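Asks: File work25.txt follows (compact mmCIF, C-alpha atoms):
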# COMPACT_ATOMS: atom_id res chain seq x y z
CA MET A 1 63.90 57.38 122.51
CA THR A 2 61.94 56.90 119.29
CA ILE A 3 58.56 55.21 118.89
CA GLY A 4 60.28 52.23 117.25
CA GLU A 5 62.77 51.88 120.08
CA LEU A 6 60.05 52.07 122.72
CA LEU A 7 57.90 49.50 120.90
CA LYS A 8 60.89 47.16 120.79
CA GLU A 9 61.46 47.66 124.51
CA TYR A 10 57.85 46.77 125.32
CA ARG A 11 57.99 43.76 122.97
CA LEU A 12 61.14 42.39 124.59
CA SER A 13 59.71 42.96 128.07
CA GLN A 14 56.83 40.66 127.05
CA ASN A 15 59.27 38.08 125.62
CA LYS A 16 57.57 38.18 122.23
CA LYS A 17 58.89 37.70 118.73
CA GLN A 18 58.02 40.42 116.23
CA LYS A 19 55.36 38.28 114.48
CA GLU A 20 53.73 37.49 117.80
CA PHE A 21 53.79 41.16 118.81
CA ILE A 22 52.18 42.51 115.63
CA GLY A 23 49.61 39.82 114.80
CA GLN A 24 47.87 40.78 111.56
CA ILE A 25 48.07 44.54 112.17
CA ILE A 26 51.14 45.32 110.11
CA SER A 27 53.49 43.36 107.84
CA PRO A 28 56.55 41.83 109.55
CA SER A 29 58.99 43.37 107.07
CA TYR A 30 57.54 46.84 107.54
CA TYR A 31 57.39 46.55 111.34
CA SER A 32 61.00 45.39 111.47
CA LYS A 33 61.99 48.69 109.87
CA VAL A 34 59.78 50.62 112.31
CA GLU A 35 61.83 49.25 115.20
CA LYS A 36 65.01 50.23 113.34
CA ASN A 37 63.65 53.78 112.78
CA ILE A 38 63.72 53.31 109.01
CA HIS A 39 59.93 53.42 108.52
CA ARG A 40 57.29 55.40 110.39
CA ILE A 41 54.16 53.81 111.79
CA THR A 42 50.70 55.35 111.34
CA ALA A 43 48.79 56.52 114.39
CA SER A 44 46.02 53.97 113.81
CA ASP A 45 48.46 51.05 113.51
CA LEU A 46 50.35 52.20 116.60
CA LEU A 47 47.18 52.35 118.70
CA ALA A 48 46.13 48.95 117.37
CA LEU A 49 49.49 47.46 118.39
CA LEU A 50 49.24 48.96 121.87
CA HIS A 51 45.73 47.58 122.41
CA TYR A 52 46.67 44.19 120.93
CA ASN A 53 49.52 43.84 123.44
CA ASP A 54 47.62 45.30 126.43
CA ILE A 55 49.87 48.36 126.59
CA SER A 56 48.25 51.47 127.98
CA PRO A 57 48.42 54.23 125.32
CA ARG A 58 48.61 56.77 128.12
CA ASP A 59 51.60 55.02 129.71
CA PHE A 60 53.28 54.60 126.32
CA PHE A 61 53.01 58.26 125.32
CA THR A 62 53.87 59.48 128.80
CA ARG A 63 57.03 57.38 128.70
CA LEU A 64 57.83 58.62 125.21
CA ASP A 65 57.29 62.23 126.25
CA GLN A 66 59.43 61.85 129.38
CA ASP A 67 62.29 60.36 127.39
CA ASP A 68 62.06 63.13 124.79
CA GLN A 69 62.05 65.79 127.50
CA PHE A 70 65.07 64.24 129.22
CA LYS A 71 66.96 64.05 125.93
CA TYR A 72 66.00 67.64 125.09
CA GLN A 73 67.23 68.83 128.50
CA GLN A 74 70.51 66.96 128.08
CA LEU A 75 71.09 68.57 124.69
CA ARG A 76 70.29 72.01 126.09
CA ASP A 77 72.65 71.46 129.02
CA PHE A 78 75.50 70.45 126.71
CA ASN A 79 74.80 73.42 124.46
CA ASP A 80 74.96 75.78 127.46
CA LEU A 81 78.26 74.23 128.58
CA MET A 82 79.73 74.63 125.08
CA LEU A 83 78.66 78.26 124.84
CA ASP A 84 80.05 79.04 128.29
CA ALA A 85 83.39 77.42 127.43
CA TYR A 86 83.50 79.27 124.09
CA TYR A 87 82.81 82.69 125.59
CA ASN A 88 85.47 82.01 128.24
CA ASN A 89 87.91 80.87 125.54
CA ASP A 90 88.35 77.60 127.48
CA LYS A 91 89.54 74.90 125.10
CA LYS A 92 90.28 72.46 127.94
CA GLU A 93 86.68 72.67 129.11
CA LEU A 94 85.44 71.94 125.60
CA GLU A 95 87.62 68.82 125.49
CA HIS A 96 86.21 67.83 128.90
CA ILE A 97 82.67 68.23 127.56
CA LYS A 98 83.47 65.53 125.00
CA SER A 99 84.08 63.05 127.82
CA LEU A 100 80.83 64.11 129.49
CA ILE A 101 78.99 63.43 126.23
CA ASP A 102 80.54 59.95 126.04
CA GLN A 103 79.36 59.23 129.60
CA SER A 104 75.82 60.49 128.96
CA SER A 105 72.75 58.36 128.19
CA LEU A 106 72.33 59.90 124.74
CA ALA A 107 72.01 57.61 121.75
CA LYS A 108 75.15 56.95 119.68
CA LYS A 109 74.00 59.22 116.84
CA ASP A 110 73.23 62.07 119.26
CA LYS A 111 76.64 61.67 120.91
CA GLN A 112 78.35 61.88 117.52
CA GLU A 113 76.42 65.04 116.64
CA GLN A 114 77.21 66.69 119.98
CA LYS A 115 80.91 65.85 119.74
CA LEU A 116 80.94 67.30 116.22
CA LEU A 117 79.55 70.53 117.68
CA VAL A 118 82.39 70.57 120.24
CA ASP A 119 84.88 70.14 117.38
CA GLY A 120 83.08 72.98 115.60
CA TRP A 121 83.51 75.29 118.58
CA LEU A 122 87.19 74.37 118.87
CA GLU A 123 87.56 75.06 115.16
CA SER A 124 85.87 78.45 115.63
CA MET A 125 88.42 79.39 118.29
CA LYS A 126 91.41 78.87 116.02
CA LYS A 127 93.57 81.86 115.23
CA PRO A 128 93.93 83.02 111.60
CA ASP A 129 97.44 81.55 111.37
CA GLU A 130 96.28 78.08 112.48
CA ASP A 131 95.47 75.47 109.83
CA PRO A 132 91.72 74.85 109.48
CA ASP A 133 90.25 71.39 109.86
CA ASN A 134 88.37 71.35 106.57
CA GLU A 135 86.72 68.00 107.32
CA VAL A 136 85.11 69.35 110.50
CA ARG A 137 83.96 72.44 108.65
CA ARG A 138 82.53 70.35 105.82
CA LYS A 139 80.57 68.15 108.24
CA ILE A 140 79.18 71.18 110.10
CA LYS A 141 78.05 72.84 106.86
CA GLU A 142 76.59 69.57 105.64
CA GLN A 143 74.64 69.20 108.88
CA ILE A 144 73.25 72.72 108.49
CA PHE A 145 72.11 72.19 104.92
CA ASN A 146 70.64 68.75 105.70
CA ILE A 147 67.96 70.49 107.80
CA PRO A 148 65.22 71.13 105.22
CA ASN A 149 63.69 74.37 106.54
CA LEU A 150 64.83 77.53 108.29
CA ASN A 151 63.69 76.16 111.64
CA GLU A 152 65.19 76.93 115.03
CA ALA A 153 67.65 74.02 114.83
CA LYS A 154 69.06 75.24 111.52
CA ILE A 155 69.20 78.85 112.74
CA THR A 156 71.13 77.76 115.84
CA LEU A 157 73.68 75.77 113.86
CA PHE A 158 74.12 78.55 111.32
CA CYS A 159 74.47 81.17 114.04
CA ASN A 160 77.15 79.17 115.86
CA PHE A 161 79.22 78.35 112.78
CA MET A 162 78.78 81.27 110.39
CA ARG A 163 82.55 81.64 110.24
CA PHE A 164 82.74 78.49 108.14
CA PHE A 165 80.95 80.29 105.26
CA ASP A 166 82.06 83.26 103.17
CA LEU A 167 80.60 86.69 104.00
CA ASP A 168 78.28 86.85 100.99
CA THR A 169 76.75 83.47 101.88
CA ASP A 170 76.38 84.58 105.50
CA LYS A 171 74.56 87.73 104.41
CA MET A 172 72.27 85.81 102.08
CA ILE A 173 71.24 83.21 104.69
CA ALA A 174 70.98 85.86 107.43
CA THR A 175 68.67 87.95 105.26
CA GLN A 176 66.40 84.95 104.70
CA ILE A 177 66.24 84.26 108.43
CA ILE A 178 65.52 87.89 109.33
CA ASN A 179 62.79 88.21 106.70
CA GLN A 180 61.13 85.02 107.93
CA TYR A 181 61.32 85.77 111.65
CA GLN A 182 61.45 89.58 111.89
CA LYS A 183 57.99 89.72 113.54
CA GLU A 184 58.69 86.80 115.89
CA ASN A 185 58.35 87.64 119.60
CA ASP A 186 59.98 84.45 120.89
CA ILE A 187 63.03 85.42 122.97
CA ASP A 188 65.12 82.44 121.79
CA ILE A 189 64.59 83.40 118.15
CA GLN A 190 65.32 87.06 118.88
CA GLU A 191 68.57 86.07 120.62
CA LYS A 192 69.68 84.08 117.59
CA ILE A 193 68.81 86.87 115.15
CA LEU A 194 70.82 89.36 117.21
CA ALA A 195 73.74 86.93 117.43
CA ILE A 196 73.65 86.38 113.65
CA ILE A 197 73.64 90.14 113.02
CA ILE A 198 76.52 90.66 115.46
CA ASN A 199 78.52 87.99 113.62
CA ILE A 200 77.87 89.79 110.33
CA LEU A 201 79.23 93.01 111.86
CA VAL A 202 82.31 91.20 113.20
CA PHE A 203 83.09 89.72 109.80
CA THR A 204 82.62 93.06 108.02
CA ILE A 205 85.17 94.65 110.37
CA GLU A 206 87.66 91.79 109.98
CA GLN A 207 87.39 91.87 106.19
CA HIS A 208 87.26 95.69 105.93
CA LYS A 209 83.91 95.54 104.11
CA LEU A 210 81.90 98.10 106.05
CA ASN A 211 79.25 98.83 103.43
CA ASP A 212 75.86 97.20 102.81
CA ILE A 213 75.15 96.47 106.48
CA ASP A 214 72.39 99.03 107.17
CA PHE A 215 69.69 96.36 106.74
CA PHE A 216 71.23 94.23 109.49
CA ILE A 217 71.73 97.12 111.93
CA GLN A 218 68.17 98.36 111.37
CA SER A 219 66.80 94.85 111.87
CA ALA A 220 68.67 94.57 115.18
CA THR A 221 67.46 97.93 116.48
CA GLN A 222 63.86 96.91 115.76
CA ILE A 223 64.15 94.17 118.40
CA LYS A 224 63.20 95.71 121.73
CA THR A 225 65.71 95.51 124.56
CA ASN A 226 64.77 93.42 127.59
CA PRO A 227 66.81 91.76 130.38
CA ASP A 228 67.16 88.47 128.44
CA LEU A 229 68.62 90.29 125.44
CA PHE A 230 70.86 92.74 127.29
CA PHE A 231 74.11 90.87 126.52
CA TYR A 232 73.36 90.88 122.78
CA LYS A 233 72.29 94.51 122.83
CA ASN A 234 75.52 95.48 124.59
CA ASP A 235 77.48 93.51 121.99
CA LEU A 236 75.52 95.32 119.28
CA LEU A 237 76.29 98.68 120.97
CA PHE A 238 80.00 97.95 120.65
CA PHE A 239 80.10 96.67 117.06
CA GLU A 240 77.66 99.20 115.63
CA ASN A 241 79.59 102.10 117.18
CA PHE A 242 82.95 100.61 116.25
CA ILE A 243 81.89 100.46 112.62
CA GLU A 244 80.66 104.07 112.86
CA TYR A 245 84.02 105.09 114.29
CA LEU A 246 85.98 103.22 111.61
CA LYS A 247 83.94 104.89 108.87
CA THR A 248 83.72 108.47 110.23
CA ASN A 249 86.24 108.85 113.07
CA ASN A 250 83.29 109.85 115.29
CA LYS A 251 84.64 110.36 118.84
CA LYS A 252 81.23 109.79 120.44
CA ALA A 253 81.05 106.39 118.77
CA LEU A 254 84.53 105.63 120.09
CA ASN A 255 83.40 106.49 123.62
CA ASN A 256 80.35 104.24 123.26
CA CYS A 257 82.68 101.37 122.37
CA LYS A 258 84.58 101.90 125.62
CA ILE A 259 81.32 101.97 127.58
CA ALA A 260 80.22 98.66 126.04
CA ILE A 261 83.57 97.01 126.85
CA ASN A 262 83.37 98.29 130.42
CA ASN A 263 79.86 96.86 130.75
CA PHE A 264 81.14 93.33 130.10
CA GLY A 265 83.59 93.65 132.96
CA LEU A 266 80.95 95.05 135.29
CA LEU A 267 78.61 92.16 134.43
CA GLY A 268 81.26 89.56 135.31
CA MET A 269 82.15 88.57 131.73
CA THR A 270 85.79 89.53 132.23
CA GLU A 271 87.28 87.05 129.74
CA TYR A 272 84.82 88.00 127.01
CA GLY A 273 85.38 91.70 127.70
CA GLN A 274 89.12 91.18 127.30
CA GLN A 275 88.58 89.49 123.94
CA ILE A 276 86.46 92.43 122.77
CA GLN A 277 89.18 94.82 123.98
CA LEU A 278 91.81 92.91 121.98
CA PHE A 279 89.54 93.01 118.93
CA PHE A 280 89.07 96.77 119.45
CA ASP A 281 92.80 97.43 119.81
CA LYS A 282 93.69 95.35 116.77
CA TYR A 283 91.27 96.85 114.26
CA ARG A 284 91.52 100.39 115.61
CA LYS A 285 95.27 100.17 115.09
CA ASN A 286 94.79 98.86 111.54
CA ARG A 287 92.29 101.58 110.72
Using structure tokens, write down the structure that the file contains.
Replies:
Amino acid sequence: MTIGELLKEYRLSQNKKQKEFIGQIISPSYYSKVEKNIHRITASDLLALLHYNDISPRDFFTRLDQDDQFKYQQLRDFNDLMLDAYYNNDKKELEHIKSLIDQSSLAKKDKQEQKLLVDGWLESMKKPDEDPDNEVRRKIKEQIFNIPNLNEAKITLFCNFMRFFDLDTDKMIATQIINQYQKENDIDIQEKILAIIINILVFTIEQHKLNDIDFFIQSATQIKTNPDLFFYKNDLLFFENFIEYLKTNNKKALNNCKIAINNFGLLGMTEYGQQIQLFFDKYRKNR
């Protein structure tokens, strides 16, 4: 819930018109747009409104914070469900998540954004011989570039849907992200950087462009391994060694690939391990 929406809720609970609610604190035309989330209200005007209407600032901001936390948790839960369905190659579950989003208490705009992400994941799971949904891809890319800075939200979107860009663009954006966050110790950021680098390695194998990737591999190895990052490090173990094998026919690298695939099965990620095995068989055969 936004500040404007919460102000409107308090106003309606007091059975007041907008002019009655704002007094002489703020112009009616401006306040009307505050409630519609078109304009922002200054901190001083907000506090004046709360005092004028006998609303406890503490209660107001506590309510606002609780709503934001609940929304944030809902978004995280849906993101986790999408990732789990993607890694298990479960298209039916992704379609089911759409219905869960519709039934949630999220705002209409948030629901639309979350359902677009589901469509993005379904698009990512298409096989090369399937026709792409260019409109979904366009909307996803537009959403990424509408975020002004390389913040965590933009990194997450880019990481999840790198396949919608060409390899050179992926490398360019990935390099910017790594340079900006290479000294970051936050686990969530480190996870995303590793995932981005792994995607780069996947695309280089698929497109048979195995050069100019040393920067990405070195950047990944500089991130220390810990339990939270083990999955990504095991993924990196496979793709780094597979590239080494494809370039040099190194038997030790080939063995390391088999160890990494086996690890996925041992850790209970059977479906994902099978996908990696299929990837391994396909591109080893085409070597």
Asks: What does the distance from atom CA of Ile189 of chain A to atom CA of Thr156 of chain A come to in Å, to one decimal?
Replies: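 We find that atom CA of Ile189 of chain A and atom CA of Thr156 of chain A lie 8.9 Å from each other.
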Asks: Quick one: residues within 9 Å of Leu201 of chain A, all atoms listed in the file, excluding same-chain residues fewer than 3 positions away - as a ChimeraX atom specification?
Replies: /A:196-198,204-206,210,213,216-217,236,239-240,243
Asks: For a quick check of understanding, using only C-alpha atoms, which of A:Ser219, A:Asn185, A:Thr270, A:Asn199 has the smallest distance to Phe161 of chain A?
Replies: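 Looking at the shortest contact to Phe161 of chain A, the residue is A:Asn199.
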Asks: Name all residues at most 12 Å from Leu47 of chain A (count all atoms listed in the file; drop same-chain ones fewer than 3 positions away) and give them as JSON, numbers by chain.
Replies: {"A": [3, 7, 22, 25, 26, 41, 42, 43, 44, 50, 51, 52, 53, 54, 55, 56, 57, 58, 60, 61]}
Asks: List the spatial neighbours of Ile144 of chain A as a list of chain:residue names - criterion: any atom at most 9 Å away, only C-alpha atoms, same-chain residues fewer than 6 positions off excluded.
Replies: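 Residues near the query, excluding close chain neighbours: A:Ala153, A:Lys154, A:Ile155, A:Leu157, A:Phe158.
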Asks: Here is a test: counting all atoms listed in the file, which residue of A:Ile178, A:Ile223, A:Cys159, A:Met82 is nearest to Lys192 of chain A?
Replies: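 The shortest atom-to-atom distance to Lys192 of chain A comes from A:Cys159.
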Asks: Excluding Gly120 of chain A and its own-chain neighbours fewer than 6 positions away, which residues fall within 9 Å of it when counting only C-alpha atoms? Please give them as JSON, numbers by chain.
Replies: {"A": [136, 137, 140, 160, 161]}
Asks: Would you write out those residues with C-alpha atoms, as a tab-separated table (two decimals), in the frame of the given file?
Replies:
chain	number	residue	atom	x	y	z
A	136	VAL	CA	85.11	69.35	110.50
A	137	ARG	CA	83.96	72.44	108.65
A	140	ILE	CA	79.18	71.18	110.10
A	160	ASN	CA	77.15	79.17	115.86
A	161	PHE	CA	79.22	78.35	112.78
Asks: If you count only C-alpha atoms, which residues fall within 9 Å of Gln274 of chain A, apart from same-chain ones fewer than 6 positions away, as a ChimeraX atom specification?
Replies: /A:261,264-265
Asks: Between atom CA of Ser104 of chain A and atom CA of Arg76 of chain A, what is the distance, to one decimal in Å?
Replies: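 Atom CA of Arg76 of chain A lies at a distance of 13.1 Å from atom CA of Ser104 of chain A.
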Asks: What is the distance, in Å and to one decimal place, between atom CA of Lys8 of chain A and atom CA of Gln66 of chain A?
Replies: 17.1 Å
Asks: Just checking: using all atoms listed in the file, which residue out of A:Asn234, A:Asn241, A:Ser29, A:Asn211 ends up closest to Leu267 of chain A?
Replies: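 Among A:Asn234, A:Asn241, A:Ser29, A:Asn211, it is A:Asn234 that comes nearest to Leu267 of chain A.
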Asks: Taking into account all atoms listed in the file, which residue in the set A:Thr2, A:Gln24, A:Thr175, A:Asn255 is nearest to His39 of chain A?
Replies: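 Closest residue, counting all atoms listed in the file: A:Thr2.
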Asks: Using only C-alpha atoms, which of A:Thr169, A:Ala48, A:Tyr232, A:Pro227 sits nearest Ile193 of chain A?
Replies: A:Tyr232
